[in-house]
Structures are given as C-alpha cells and as structure tokens.
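Novice: Questions regarding the structure given below will be posed in turn.
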2 protein chains.
Amino acid sequence: MSKRIPSYSEIVEAHKRIEPFVHRTPVLTSQSINTICQSQIWFKCENLQKVGAFKFRGAINAVLSLTQDQLRKGVATHSSGNHAQALALAAKMNGTSAYIVMPDNSPEVKKNAVAGYGAEITYCKPTLQDREETIEKVLKETGATFIHPYDDARIICGQGTAARELLEVQADLDLVMAPVGGGGLLSGTAISTKAINNKIAVIAAEPKGADDAYRSFKSGEWVPSEKPQTIADGLLTSVGELNFQIIQNYVDDIYTVSEESIVETMQLVWERMKIIIEPSSAVPLAAVMENPAVFRAKRIGIIFSGGNVDLTSLHF
Amino acid sequence: MSKRIPSYSEIVEAHKRIEPFVHRTPVLTSQSINTICQSQIWFKCENLQKVGAFKFRGAINAVLSLTQDQLRKGVATHSSGNHAQALALAAKMNGTSAYIVMPDNSPEVKKNAVAGYGAEITYCKPTLQDREETIEKVLKETGATFIHPYDDARIICGQGTAARELLEVQADLDLVMAPVGGGGLLSGTAISTKAINNKIAVIAAEPKGADDAYRSFKSGEWVPSEKPQTIADGLLTSVGELNFQIIQNYVDDIYTVSEESIVETMQLVWERMKIIIEPSSAVPLAAVMENPAVFRAKRIGIIFSGGNVDLTSLHF
C-alpha cells in the first residue's frame, strides 16, 4: 500500500500554521569553511531551533493538525531523542499530554530534556519488538494519537519548512543537502526544494555505518537498517515507507561518509562557526569535505539538523 | 587631556563603512532561559561574528578609516587575543600587513588563529613594560599605524554598531547589557543605545575578580586593573581613558559576578542555546541570574561578545 506524497502547497500551509511557534533560524556562512571546501555554503541552523532540532517543526505541525477531540487525549510516540523532545514541547504548548516511549539506554541528556518538557515517559528495552508492544499498550490506555517520527505526511510537511526558509534567504543555489535517517527532513527538504526550483539538486548524506538509505536508493529496493554503527545517533533508523517513495522521486543522489570525517567535521564547525552541532548534523558537510571534486565551486545549502549533544562530560 | 567622545552619527557612518565586511549576526532568544530568569532576553550573537568576536567590527572600521599611505604601511597592536585576530583579518581583507605583539603565554588557539590570518606575531613577556617596549620597536621598524584595542574612537564606533543592529531587531527594551573589560564594546553600546532611545538603561557586568570598571564607576575615579583573577580572559584589562569618560556619561550601572556563576551561565548557554560563548560573554547573563529582583520581568538586550574557546581539550 503506497501512501500519498504531500504536495508543496501542504508545506506552505504547514509553514503558515507553525510560524508563530517556531524560531526562524538563522542562515549562517563561514568564510574559513568556504575556503577549506572551495565552495560557497549557506547553513540553515536548525540546531538553533526550539528543542535544538528541526524535529520541532514536524511535531508542532502534527499537533496543530489534530482535531479538538484528538488534542484532548494527547499524542504519543516512540523516539530515542529529538522527536520525543519536540513532541513533548509541542504538546505542552498546546495544553495537552505527550506519552513518550523511549529505549532505557537513551542518553541521559535526552531523557532529562523530555522529562523537562513535562512528557510522560515509558521506558522500553532497546528492541523493535519491545518498543512496538510498549507503544501499543500506551495508545490503548490513553487514547492518544500516535505521531510517527518521520513516516507521516504532517511531519514531513513540517520538516519541509526549513528548506523553504533557507531558499527564502538564498535562492541561488546549485544544491541543497540534508542528512538522512528515517527520511523526514530529507523528504520534506526535497519536496520544497524541487517545487521552488527544480534545477536545484537535492543531495543526501548518510554515515557509511548506517547506509540503508544509500543502499535502498541505489538498488531501488527498500532495505532495512541492520546493526547500524555510527556516532550519528539521529541517523540509526531505517528509512520510512512514505519517505522512501519521496526520496526515489525527488532526491538526486546520496553520499556516505566515514566516522572519522563526521567527528572532524563536527569539530571544525564548533571551532569555526561557534555553534554546537550534533554528529548527525555534520554528515552533509562531511560529504562535501570527502568529495572535493564533486562539490568544488558549487553554491550549496546545508541543513544543520540539530545540536543536542551531551555536554556534561566536557570540562569547563 | 581628555579625548573627544564620538557621536552617534559617527557610529552610523562606521556602520555604513563596515556593513559589506561584517556578518549581520543573529539575535536569538531562548524560552528556557527566559523561564529561568523570569524575564525576556534578546541575545545579539557577536560570538557568531567574523573571528568569533565583536572585535572585528572595530578593527575593520579602523582599517577602513586609514589613508592610502597608512594602509600601505600596515597596522599594529598589542592584544592577547580577539582584537589581534580581528585586526589580522581586517588587514588581510584590505591587502595590508598586521603586526601583532602578543604575550608569550597567550592560549594556543588564539596564537594559531592570529597566525592563520597571516599576521606577523612578535611575542613579548606578559608584563606591561615589555609589551610597551616591544610595540614601540615594531612601530619604529614598520611605520605601521597603532590601533589600540579599545581606547580609540574608530574602535568604539565599530563596536557600537552591534547594539545598533540589536535595536533594529528589537527596539522595545528596558535595558541593554554588555560585559566590560577595556570598555570598547560597552562605550560603543552606550552611545548607540542612548542615542536611539535614552529611556533604555545601559548596564555593564564585570567579573568580581577583575572589577576595576566597577570600582572606577562607583568612586568616580579611574582605578587600574591590578592582578585580575578570572576565567573571563577577555575582561582582564583596565578600562581605557576615553572609554571611562563615555561610561561615566552614558552607563547607568555596573554589576559584578562570581566565577562560579560565569561558568554555570556559560554552560547553560551552550546547553540551551547550542552556541559556543566564551566566559567573557557569559558575564552579563550571569549578572541577571545573580540579581533576580533587579532583572525580573524586564525586557533585556544582551550582547554576547565572543565565542573563542580552546576546544582542543574537549573529547568528542
């Protein structure tokens, strides 16, 4: 069964709906990174979005799309992090409950953040089976509406507003890049970008150690993410069904990058741009750094997906 | 001998001059910090300025104000960090030389950055006397124009453009805050703010361990910074002569803060705002946190002065 791909006009509608609630994040440039890459890059800083990630756009769009009756019963999801925080805040801002199923091995910083937004957390074992069983139980008990982290048109439309804002600031681009995990950000980015100017290439980037989107895209056949190994903990999951359809239709290419270049790129951004990005955010720029022949002299838009890093281990 | 206080129209001129060269840095807000402080704060992010500090505004204004003959011979200064980097980049962008006298105990990250911008560094001992002798020698040998880090009208006018941009974004403020070291940022901020709306209070903040500006301001008599002890290494120096005149005329109050609250505030900003600020930047927000009765329910503009922190010791 194939789900319906949302249209760009639905992203425009979502944008109108969420604008009073989201940060219009800045688009930053770095002369020193441009010099290193021999290209011109505009970074859309969703690490500076509420809850520190683009995920808030989709979550608030989903909550604002509920009926009054649905809103009263609350929302629920399973997520190891940013989507959980985003949904928790979106629910809180709308005076309703968020029920979050999280693996019990999630980073402390993410557990605390979700709890800090007033969500009700139910821990599960970090297995697909226990997660599914736990969320089913929560949904049955609460009557809450399930909001999938990425395989959901409302979520995809919310995420697509980031690329729209990027292109409002800088329309003259050769390509737009986003990381791909479940594919929510990438599919929203692709719909927006191609609708605004279909000459702009949409390029995704993924860790080599979690390259299911790359393999699915190249083979034309969906393959799951099995035993992914990467520091980019936002990109561990398999690409969603609807997301894969959109990727096949609108994405021009996917690059994979090494763990070393993810870490080096993240450090470079912290040092040169004075902003905190999480490893997942560094993946597209890492692809630019690894493939100078491809990206040299290009005008590139990159979406920094998030900035949620556990800082408690740092020494100040 | 009293120097002439620059007028706001000179800041407007400086703004026109430097606009093509500087980043228009974003003004960010954080709901969670607003909640903690029970106030509304707009942060002007000069940590995201070129060279990672507001200092670039003054430096590029000074270089752009030189005659052709002066420009050929280059510029020189003594600085332990951000001003040195700023002047080095400003000189490089204008095709001239920067001669920088730095204490040999400056942080590696700052030495490397200054060298990276192509400046010629001469190291001195970290004493006032050796610094003065070394800069005299450099000026004599090169014919370069000396650009003081803060006690200079061109520098003050450049720094005053940050508050101007902040007030363009958010005019409806009760007070504007900046840290005070030499007083370049504070005096430029004060001239701009009072000219734009003299009902807005201008409040400075300073580490308790380097409270010469506080003591000078309260006593009405300039006192030097002697054996300052603070993690806020941008605020160690004594207030400049011209800067002190401006502070006496335009600044409403100065608060001092503890080292503990500087570190805690810096961590809070990294964690909640996903931006890297250096300890000096955290000082005004630390004053807000330490004095809830004073700042509660106020509309506050804060200038984050810089983001140059040595990240090499962090584990990624």
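Each chain in the structure tokens gets a letter, A, B, ..., in the order shown, and its residues are numbered from 1; ligands are numbered from 1 in order too.
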Define the interface residues of chain B facing chain A as those within 7 Å, counting only C-alpha atoms, and report them as a VMD selection string.
Specialist: chain B and resid 26 47 to 48 52 271 273 to 276 307 311 314
Novice: Using DSSP on the backbone coordinates, identify all residues within range 116-161 of chain A classified as strand (DSSP E or B); present the result as a list of chain:residue names.
Specialist: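 Assigned to strand (DSSP E or B), within range 116-161 of chain A: A:Glu120, A:Ile121, A:Thr122, A:Tyr123, A:Cys124, A:Thr145, A:Phe146.
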Novice: Using N, CA and C atoms, can you export the residues from the last selection as a PDB file, in the first residue's frame?
Specialist:
ATOM      1  N   GLU A 120       5.180  12.312  29.678  1.00  0.00           N
ATOM      2  CA  GLU A 120       5.144  11.097  30.480  1.00  0.00           C
ATOM      3  C   GLU A 120       5.947  10.031  29.740  1.00  0.00           C
ATOM      4  N   ILE A 121       7.047   9.586  30.331  1.00  0.00           N
ATOM      5  CA  ILE A 121       7.945   8.648  29.656  1.00  0.00           C
ATOM      6  C   ILE A 121       7.655   7.221  30.111  1.00  0.00           C
ATOM      7  N   THR A 122       7.558   6.329  29.151  1.00  0.00           N
ATOM      8  CA  THR A 122       7.524   4.894  29.449  1.00  0.00           C
ATOM      9  C   THR A 122       8.773   4.288  28.811  1.00  0.00           C
ATOM     10  N   TYR A 123       9.618   3.665  29.628  1.00  0.00           N
ATOM     11  CA  TYR A 123      10.838   3.084  29.074  1.00  0.00           C
ATOM     12  C   TYR A 123      10.565   1.692  28.516  1.00  0.00           C
ATOM     13  N   CYS A 124      11.254   1.386  27.408  1.00  0.00           N
ATOM     14  CA  CYS A 124      11.163   0.041  26.843  1.00  0.00           C
ATOM     15  C   CYS A 124      12.580  -0.494  26.658  1.00  0.00           C
ATOM     16  N   THR A 145      -3.143  10.055  20.135  1.00  0.00           N
ATOM     17  CA  THR A 145      -2.860   9.901  18.702  1.00  0.00           C
ATOM     18  C   THR A 145      -1.370   9.605  18.518  1.00  0.00           C
ATOM     19  N   PHE A 146      -1.092   8.555  17.770  1.00  0.00           N
ATOM     20  CA  PHE A 146       0.303   8.206  17.507  1.00  0.00           C
ATOM     21  C   PHE A 146       0.881   9.140  16.445  1.00  0.00           C
TER      22      PHE A 146
END
Novice: So that I can see what lies close to Lys227 in chain A, please list as a PyMOL selection string the residues with an atom at most 8 Å from it, counting only C-alpha atoms and leaving out residues fewer than 2 positions away in the same chain.
Specialist: chain A and resi 210+225+229
Novice: Near Gly116 in chain A, counting only C-alpha atoms, which residues have an atom at most 9 Å away, once you skip same-chain residues fewer than 3 positions from it, shown as a compact mmCIF listing (two decimals) with N, CA and C atoms, in the first residue's frame?
Specialist:
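part-v8.txt, freshly written:
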# COMPACT_ATOMS: atom_id res chain seq x y z
N GLN A 85 11.53 14.97 22.37
CA GLN A 85 11.58 16.31 22.97
C GLN A 85 10.64 17.26 22.23
N ALA A 88 7.03 16.49 22.93
CA ALA A 88 6.72 16.88 24.31
C ALA A 88 6.48 18.38 24.40
N LYS A 111 16.81 11.98 27.97
CA LYS A 111 15.78 11.62 28.96
C LYS A 111 15.37 12.85 29.77
N ASN A 112 16.37 13.59 30.27
CA ASN A 112 16.09 14.75 31.11
C ASN A 112 15.33 15.83 30.35
N ALA A 113 15.70 16.02 29.09
CA ALA A 113 15.05 17.06 28.30
C ALA A 113 13.59 16.72 28.08
N ALA A 119 6.66 15.63 29.59
CA ALA A 119 6.10 14.43 28.96
C ALA A 119 6.07 13.27 29.95
Novice: Have a look at B:Arg154, B:Arg296, B:Arg215, B:Lys140 and name the one nearest to Ala14 in chain B; count only C-alpha atoms.
Specialist: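 The closest residue to Ala14 in chain B is B:Arg154.
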Novice: Identify, with DSSP run on backbone atoms, the residues in range 83-291 of chain A assigned to helix (DSSP H, G or I), and express the list as a PyMOL selection string.
Specialist: chain A and resi 83-93+108-116+128-142+153-169+184-196+208-210+212-219+241-250+259-273+279-290
Novice: Find the distance between CA of His15 in chain B and CA of Ala98 in chain B and write it in Å to one decimal.
Specialist: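 Atom-to-atom, CA of His15 in chain B and CA of Ala98 in chain B are spaced 22.4 Å apart.
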Novice: Quick one: distance from CA of Gly183 in chain A to CA of Lys73 in chain A in Å, one decimal?
Specialist: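 So the answer is 27.7 Å.
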Novice: Residues near Asp212 in chain B, anyone? I mean within 9 Å using only C-alpha atoms, not counting same-chain ones fewer than 2 positions away, as number ranges by chain.
Specialist: B: 181, 206, 208-210, 214-217, 222-226, 228, 237-239
Novice: For each of A:Asn249, A:Thr77, A:Ser65, A:Asn82, take the minimum atom-to-atom distance to Val138 in chain A, counting only C-alpha atoms, then give the residue where this is smallest.
Specialist: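 Nearest to Val138 in chain A: A:Thr77.
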Novice: Record the distance separating CA of His83 in chain B and CA of Glu260 in chain B, expressed in Å with one decimal.
Specialist: 26.2 Å
